[in-house]
file protein-v4.cif (mmCIF, C-alpha atoms and all ligand atoms)
data_upload
#
loop_
_atom_site.label_atom_id
_atom_site.label_comp_id
_atom_site.auth_asym_id
_atom_site.auth_seq_id
_atom_site.Cartn_x
_atom_site.Cartn_y
_atom_site.Cartn_z
CA MET A 1 186.41 12.82 -195.27
CA ILE A 2 187.76 14.11 -198.60
CA ALA A 3 185.00 15.98 -200.41
CA PRO A 4 183.71 14.48 -203.67
CA ILE A 5 185.43 15.87 -206.77
CA GLU A 6 183.20 16.76 -209.72
CA ARG A 7 184.71 17.39 -213.15
CA GLY A 8 181.62 17.93 -215.27
CA LEU A 9 178.98 20.65 -215.42
CA SER A 10 176.04 18.24 -215.50
CA GLY A 11 177.19 16.51 -212.28
CA LEU A 12 177.69 19.89 -210.63
CA ARG A 13 174.19 21.02 -211.68
CA GLU A 14 172.59 17.79 -210.44
CA GLN A 15 174.10 18.44 -207.01
CA THR A 16 173.32 22.16 -206.79
CA THR A 17 169.74 21.58 -207.99
CA MET A 18 169.19 19.18 -205.08
CA TRP A 19 170.64 21.65 -202.60
CA ARG A 20 168.55 24.49 -203.99
CA SER A 21 165.33 22.49 -203.87
CA ALA A 22 166.07 21.72 -200.21
CA GLY A 23 166.27 25.51 -199.66
CA GLU A 24 170.01 25.43 -198.87
CA THR A 25 172.35 28.36 -199.52
CA ILE A 26 175.50 27.78 -201.60
CA GLY A 27 178.88 29.46 -201.18
CA VAL A 28 181.63 29.23 -203.80
CA VAL A 29 185.37 29.76 -203.35
CA PRO A 30 186.96 30.09 -206.81
CA THR A 31 190.66 29.09 -206.85
CA MET A 32 193.37 27.94 -209.21
CA GLY A 33 194.52 25.34 -206.70
CA ALA A 34 197.91 25.16 -204.93
CA LEU A 35 195.88 25.96 -201.85
CA HIS A 36 197.45 27.75 -198.89
CA GLN A 37 196.12 29.11 -195.61
CA GLY A 38 194.70 32.14 -197.47
CA HIS A 39 192.42 29.89 -199.56
CA LEU A 40 191.56 27.78 -196.51
CA SER A 41 190.46 30.93 -194.67
CA LEU A 42 188.06 31.65 -197.56
CA ALA A 43 186.68 28.11 -197.40
CA ARG A 44 186.22 28.49 -193.62
CA ALA A 45 184.40 31.81 -194.10
CA ALA A 46 182.13 30.08 -196.65
CA ARG A 47 181.60 27.16 -194.25
CA GLU A 48 180.47 29.55 -191.51
CA ARG A 49 178.07 31.44 -193.71
CA CYS A 50 176.56 28.90 -196.11
CA ASP A 51 174.74 25.57 -195.91
CA ARG A 52 176.80 24.16 -198.79
CA VAL A 53 180.35 25.01 -199.87
CA ILE A 54 181.91 24.44 -203.28
CA VAL A 55 185.62 25.08 -203.84
CA THR A 56 186.51 25.33 -207.53
CA ILE A 57 189.98 24.52 -208.85
CA PHE A 58 190.67 25.61 -212.41
CA VAL A 59 193.96 26.96 -213.74
CA ASN A 60 192.40 29.41 -216.16
CA PRO A 61 194.49 29.73 -219.34
CA LYS A 62 192.71 32.95 -220.37
CA GLN A 63 194.20 34.94 -217.48
CA PHE A 64 197.86 34.10 -218.15
CA ASN A 65 199.89 36.46 -220.32
CA ASP A 66 202.93 34.25 -220.45
CA PRO A 67 202.68 30.59 -221.62
CA ASP A 68 205.63 29.64 -219.35
CA ASP A 69 203.83 31.12 -216.36
CA LEU A 70 200.79 28.95 -217.20
CA LYS A 71 202.98 25.88 -217.65
CA ASN A 72 204.85 26.45 -214.36
CA TYR A 73 201.77 27.28 -212.28
CA PRO A 74 201.74 24.77 -209.40
CA ARG A 75 199.17 21.97 -209.77
CA THR A 76 198.61 20.02 -206.55
CA GLU A 77 195.07 18.61 -206.74
CA ASN A 78 195.46 15.66 -204.34
CA GLU A 79 197.13 17.78 -201.68
CA ASP A 80 194.50 20.48 -202.18
CA ALA A 81 191.69 17.98 -201.59
CA ARG A 82 193.41 16.79 -198.40
CA LYS A 83 193.86 20.35 -197.13
CA LEU A 84 190.13 20.97 -197.52
CA GLU A 85 189.25 17.82 -195.60
CA SER A 86 189.15 19.36 -192.11
CA ILE A 87 186.98 22.27 -193.26
CA GLY A 88 184.07 20.14 -194.37
CA VAL A 89 183.70 21.40 -197.93
CA ASP A 90 180.75 19.72 -199.70
CA LEU A 91 182.12 19.58 -203.24
CA ILE A 92 185.36 20.30 -205.10
CA TYR A 93 184.65 21.32 -208.68
CA VAL A 94 187.65 20.70 -210.94
CA PRO A 95 186.16 21.27 -214.37
CA GLU A 96 187.73 19.76 -217.46
CA PRO A 97 188.82 22.66 -219.71
CA ASP A 98 185.95 22.01 -222.17
CA GLN A 99 183.41 22.40 -219.36
CA ILE A 100 184.51 26.03 -219.08
CA TYR A 101 185.58 26.77 -222.65
CA PRO A 102 183.70 24.42 -225.01
CA ASP A 103 184.59 24.37 -228.70
CA GLY A 104 183.68 27.65 -230.34
CA PHE A 105 183.62 29.60 -227.06
CA ALA A 106 183.46 33.22 -228.21
CA THR A 107 182.49 35.41 -225.27
CA THR A 108 184.69 37.70 -223.17
CA VAL A 109 183.52 39.55 -220.10
CA SER A 110 185.42 42.81 -219.84
CA VAL A 111 185.05 45.34 -217.02
CA SER A 112 186.30 48.71 -218.22
CA GLY A 113 188.03 51.33 -216.07
CA LEU A 114 189.04 49.23 -213.07
CA THR A 115 191.06 46.91 -215.32
CA ASN A 116 193.31 49.50 -217.00
CA MET A 117 195.53 50.26 -214.00
CA LEU A 118 197.78 48.43 -211.51
CA CYS A 119 198.08 44.77 -212.61
CA GLY A 120 195.92 45.48 -215.68
CA GLU A 121 198.60 47.78 -217.06
CA SER A 122 201.38 45.23 -217.09
CA ARG A 123 199.15 42.19 -217.74
CA PRO A 124 196.92 43.15 -220.69
CA GLY A 125 193.86 40.89 -220.98
CA HIS A 126 194.47 39.29 -217.57
CA PHE A 127 191.35 40.70 -215.94
CA ASP A 128 189.18 39.90 -218.97
CA GLY A 129 190.26 36.30 -218.43
CA VAL A 130 189.45 36.54 -214.72
CA ALA A 131 186.06 38.22 -215.24
CA THR A 132 185.10 35.68 -217.93
CA VAL A 133 185.95 32.60 -215.89
CA VAL A 134 184.42 34.00 -212.69
CA ALA A 135 181.19 34.87 -214.54
CA LYS A 136 181.11 31.26 -215.80
CA LEU A 137 181.77 29.83 -212.33
CA PHE A 138 179.02 32.01 -210.85
CA ALA A 139 176.58 30.81 -213.53
CA GLN A 140 177.64 27.17 -213.25
CA THR A 141 177.51 26.94 -209.44
CA SER A 142 174.45 29.23 -209.00
CA ALA A 143 176.03 30.21 -205.68
CA ASP A 144 174.47 32.78 -203.35
CA TYR A 145 177.83 33.88 -201.92
CA ALA A 146 181.34 34.03 -203.36
CA PHE A 147 184.50 34.44 -201.28
CA PHE A 148 187.60 36.25 -202.54
CA GLY A 149 190.80 37.32 -200.76
CA GLU A 150 191.70 40.99 -200.35
CA LYS A 151 195.22 39.95 -201.32
CA ASP A 152 193.98 40.33 -204.93
CA TYR A 153 192.14 43.53 -204.11
CA GLN A 154 191.85 44.78 -207.69
CA GLN A 155 190.41 41.42 -208.73
CA LEU A 156 187.90 41.61 -205.86
CA GLN A 157 186.69 45.06 -206.97
CA ILE A 158 186.46 43.93 -210.61
CA VAL A 159 184.44 40.83 -209.68
CA ARG A 160 182.10 42.93 -207.53
CA ARG A 161 181.54 45.38 -210.38
CA MET A 162 181.03 42.56 -212.90
CA ALA A 163 178.42 40.84 -210.70
CA ARG A 164 176.64 44.13 -210.08
CA ASP A 165 176.67 45.23 -213.73
CA LEU A 166 175.42 41.85 -214.99
CA ASP A 167 172.77 41.52 -212.24
CA ILE A 168 174.24 38.23 -211.08
CA PRO A 169 172.41 37.47 -207.81
CA ILE A 170 175.48 36.71 -205.73
CA ASP A 171 176.99 38.41 -202.70
CA VAL A 172 180.75 38.86 -203.23
CA ILE A 173 182.51 38.74 -199.86
CA GLY A 174 186.08 40.06 -199.43
CA CYS A 175 188.20 38.30 -196.77
CA PRO A 176 191.42 39.64 -195.17
CA THR A 177 194.86 38.77 -196.56
CA ILE A 178 196.56 35.97 -194.64
CA ARG A 179 200.29 36.48 -194.04
CA GLU A 180 203.28 34.32 -193.17
CA GLU A 181 204.86 35.04 -189.77
CA ASP A 182 207.40 37.36 -191.41
CA GLY A 183 204.65 39.40 -193.09
CA LEU A 184 204.80 37.98 -196.62
CA ALA A 185 201.28 37.81 -198.06
CA MET A 186 200.37 34.18 -198.77
CA SER A 187 200.20 33.35 -202.45
CA SER A 188 200.48 30.21 -204.58
CA ARG A 189 203.33 31.99 -206.37
CA ASN A 190 205.43 31.95 -203.17
CA LEU A 191 206.06 28.27 -203.96
CA LEU A 192 208.09 29.46 -206.96
CA LEU A 193 210.53 31.48 -204.82
CA SER A 194 213.99 30.02 -204.25
CA ASP A 195 215.16 29.73 -200.61
CA ARG A 196 217.30 32.80 -201.11
CA SER A 197 214.49 34.88 -202.63
CA ARG A 198 212.10 33.75 -199.92
CA ILE A 199 214.38 35.47 -197.35
CA HIS A 200 214.12 38.79 -199.20
CA ALA A 201 210.43 38.58 -200.12
CA PRO A 202 208.97 40.06 -196.86
CA VAL A 203 210.79 43.36 -197.51
CA LEU A 204 207.94 44.36 -199.81
CA ALA A 205 205.38 44.21 -196.96
CA GLU A 206 207.86 45.82 -194.52
CA VAL A 207 208.41 48.82 -196.81
CA MET A 208 204.66 49.16 -197.35
CA GLU A 209 204.04 49.21 -193.60
CA ASP A 210 206.65 51.95 -193.16
CA MET A 211 205.02 53.91 -195.98
CA ARG A 212 201.65 53.53 -194.26
CA GLU A 213 203.03 55.08 -191.05
CA LYS A 214 204.43 58.03 -192.99
CA LEU A 215 201.20 58.52 -194.95
CA ARG A 216 199.23 58.44 -191.69
CA ASP A 217 201.57 61.16 -190.38
CA GLY A 218 200.65 63.31 -193.38
CA ALA A 219 203.45 62.54 -195.86
CA SER A 220 202.64 62.40 -199.58
CA MET A 221 203.51 59.64 -202.02
CA THR A 222 205.65 62.16 -203.91
CA ASP A 223 207.75 62.57 -200.74
CA ILE A 224 208.18 58.92 -199.82
CA LEU A 225 208.12 56.95 -203.08
CA PRO A 226 211.78 57.27 -204.23
CA ASP A 227 213.18 56.01 -200.92
CA ALA A 228 210.61 53.18 -200.71
CA LYS A 229 211.43 51.94 -204.22
CA ALA A 230 215.15 52.15 -203.52
CA ARG A 231 214.75 50.00 -200.38
CA ILE A 232 212.84 47.32 -202.31
CA VAL A 233 215.47 47.18 -205.05
CA ALA A 234 218.31 47.18 -202.48
CA ALA A 235 216.71 44.07 -200.90
CA GLY A 236 217.26 42.15 -204.13
CA PHE A 237 214.04 42.81 -206.08
CA ASN A 238 214.78 43.29 -209.77
CA ASP A 239 212.04 45.75 -210.53
CA VAL A 240 209.09 47.54 -208.92
CA ASP A 241 206.15 47.26 -211.28
CA TYR A 242 204.01 49.70 -209.27
CA LEU A 243 203.83 51.17 -205.80
CA GLN A 244 200.77 53.38 -205.59
CA LEU A 245 198.22 54.85 -203.23
CA ARG A 246 194.66 54.45 -204.50
CA ASP A 247 191.07 54.81 -203.41
CA GLY A 248 189.78 51.46 -202.11
CA SER A 249 186.53 51.51 -204.07
CA ASP A 250 187.08 53.16 -207.46
CA LEU A 251 190.87 52.61 -207.39
CA SER A 252 191.55 56.22 -208.45
CA LEU A 253 195.13 57.40 -207.87
CA LEU A 254 195.89 59.42 -204.71
CA ASP A 255 198.92 61.32 -203.45
CA THR A 256 197.91 61.62 -199.80
CA LYS A 257 195.76 59.52 -197.51
CA LYS A 258 191.98 59.79 -197.32
CA PRO A 259 189.38 57.45 -195.81
CA ASP A 260 189.48 54.06 -197.59
CA ALA A 261 192.92 54.71 -199.15
CA ARG A 262 195.00 51.60 -199.91
CA LEU A 263 198.60 51.09 -200.83
CA PHE A 264 199.20 48.71 -203.75
CA ALA A 265 202.48 47.11 -204.84
CA ALA A 266 203.79 44.66 -207.41
CA ALA A 267 207.47 43.81 -207.73
CA TRP A 268 209.64 41.19 -209.41
CA LEU A 269 211.91 39.02 -207.32
CA ALA A 270 214.13 36.63 -209.32
CA GLY A 271 211.50 36.00 -211.98
CA VAL A 272 208.52 35.83 -209.58
CA ARG A 273 206.01 38.68 -209.54
CA LEU A 274 204.76 39.39 -206.02
CA ILE A 275 201.78 41.62 -205.27
CA ASP A 276 200.46 43.05 -202.03
CA ASN A 277 198.12 45.76 -200.74
CA ILE A 278 197.23 47.22 -197.35
CA ALA A 279 194.63 49.63 -196.06
CA VAL A 280 196.13 52.97 -195.01
O1 LIG B 301 192.44 34.46 -207.70
C1 LIG B 301 192.49 33.42 -208.41
O2 LIG B 301 192.98 32.39 -208.01
C2 LIG B 301 191.90 33.47 -209.80
O3 LIG B 301 192.13 34.70 -210.40
C3 LIG B 301 190.40 33.10 -209.86
C4 LIG B 301 189.56 34.11 -209.10
C5 LIG B 301 190.20 31.72 -209.27
C6 LIG B 301 189.91 33.09 -211.30
O4 LIG B 301 190.61 32.16 -212.06
#

call {"tool": "encode", "arguments": {"input": "protein-v4.cif", "output": "structure tokens"}}
result
Amino acid sequence: MIAPIERGLSGLREQTTMWRSAGETIGVVPTMGALHQGHLSLARAARERCDRVIVTIFVNPKQFNDPDDLKNYPRTENEDARKLESIGVDLIYVPEPDQIYPDGFATTVSVSGLTNMLCGESRPGHFDGVATVVAKLFAQTSADYAFFGEKDYQQLQIVRRMARDLDIPIDVIGCPTIREEDGLAMSSRNLLLSDRSRIHAPVLAEVMEDMREKLRDGASMTDILPDAKARIVAAGFNDVDYLQLRDGSDLSLLDTKKPDARLFAAAWLAGVRLIDNIAV
């Protein structure tokens, strides 16, 4: 059965209040829709852990830097609802924009430090938009658990820090990146790739895996970076935004591997910005 769709905060609260008074735990999976297997794996993880599962779908204007990117972001609500059917989600929350940002909305949640690097550098204000909407969704759903993909690893760390700093009583759970058979990390943005670009897209993950092997063998980023970038560009990518080794918890920059090191990449392929990260 397709889960009920709720578009208003009062309806959402009515439902969650009933669940809470019955002593049930609530899990939330925040999304912007255009659901793929990565999102579905989050919903399944929530289903396994929580009595009640809410998937939210809201294309958040505050986290887009480019108005065209916001306009072109895929919106597939009916399909999304059908995809969630087999998982047994209890509620799909698709708030009207004024339920998130009512007239006169004047608050921004900003996590310093973690937001200045990687995607934060080339997308100023993006993570403020993310932290603000996620704080609202946590408050609105009063969930006990929230599920985020490691695909957006920087976002996951920022949300964890935000929840901790603001004493929001929610457990933020990171779930592994789900990949296509050829290694491309699943993302709603993959829908924007042309057939030709889609063929080249997995090169990003391939190069990162080769880098991981070399780092494990003791190579430094200084040694291996020029060749790795050249391979990505030779495969048809227009530009490498970043390709960096960082600490998995505080995201500080590294040159050689250490426990919890992760490799992070963002690159442009025919107008589509792809990101990926892997543990080293
Ligand atoms: O990862 C996303 O889809 C979005 O950044 C999120 C967490 C739903 C906030 O809008």

call {"tool": "closest_residue", "arguments": {"input": "protein-v4.cif", "among": "A:Arg20, A:Arg246, A:Lys71, A:His36", "to": "ligand LIG 301 (chain B)", "atoms": "all atoms listed in the file"}}
result
A:His36

call {"tool": "closest_residue", "arguments": {"input": "protein-v4.cif", "among": "A:Gly113, A:Pro95, A:Pro74, A:Gly33", "to": "A:Leu9", "atoms": "all atoms listed in the file"}}
result
A:Pro95

call {"tool": "atom_distance", "arguments": {"input": "protein-v4.cif", "atom1": "atom O4 of ligand LIG 301 (chain B)", "atom2": "atom CA of A:Tyr153"}}
result
14.0 Å

call {"tool": "residues_near_ligand", "arguments": {"input": "protein-v4.cif", "ligand": "ligand LIG 301 (chain B)", "cutoff": "8 Å", "atoms": "only C-alpha atoms and all ligand atoms", "output": "ChimeraX atom specification"}}
result
/A:29-33,56-60,63,129-131,133-134,148-149,152,155

call {"tool": "closest_residue", "arguments": {"input": "protein-v4.cif", "among": "A:Gly248, A:Pro4, A:Pro259, A:Gly236", "to": "A:Asn78", "atoms": "only C-alpha atoms"}}
result
A:Pro4

call {"tool": "closest_residue", "arguments": {"input": "protein-v4.cif", "among": "A:Ala230, A:Ser112, A:Val89, A:Leu215", "to": "A:Asp165", "atoms": "all atoms listed in the file"}}
result
A:Ser112

call {"tool": "residues_around", "arguments": {"input": "protein-v4.cif", "residues": "A:Lys257", "least_positions_apart": "6", "cutoff": "12 Å", "atoms": "all atoms listed in the file", "output": "ChimeraX atom specification"}}
result
/A:211-221,244-248,263,279-280

call {"tool": "write_last_selection", "arguments": {"input": "protein-v4.cif", "atoms": "C-alpha atoms", "output": "CSV table (one decimal), in the frame of the given file"}}
result
chain,number,residue,atom,x,y,z
A,211,MET,CA,205.0,53.9,-196.0
A,212,ARG,CA,201.6,53.5,-194.3
A,213,GLU,CA,203.0,55.1,-191.0
A,214,LYS,CA,204.4,58.0,-193.0
A,215,LEU,CA,201.2,58.5,-195.0
A,216,ARG,CA,199.2,58.4,-191.7
A,217,ASP,CA,201.6,61.2,-190.4
A,218,GLY,CA,200.6,63.3,-193.4
A,219,ALA,CA,203.4,62.5,-195.9
A,220,SER,CA,202.6,62.4,-199.6
A,221,MET,CA,203.5,59.6,-202.0
A,244,GLN,CA,200.8,53.4,-205.6
A,245,LEU,CA,198.2,54.8,-203.2
A,246,ARG,CA,194.7,54.4,-204.5
A,247,ASP,CA,191.1,54.8,-203.4
A,248,GLY,CA,189.8,51.5,-202.1
A,263,LEU,CA,198.6,51.1,-200.8
A,279,ALA,CA,194.6,49.6,-196.1
A,280,VAL,CA,196.1,53.0,-195.0
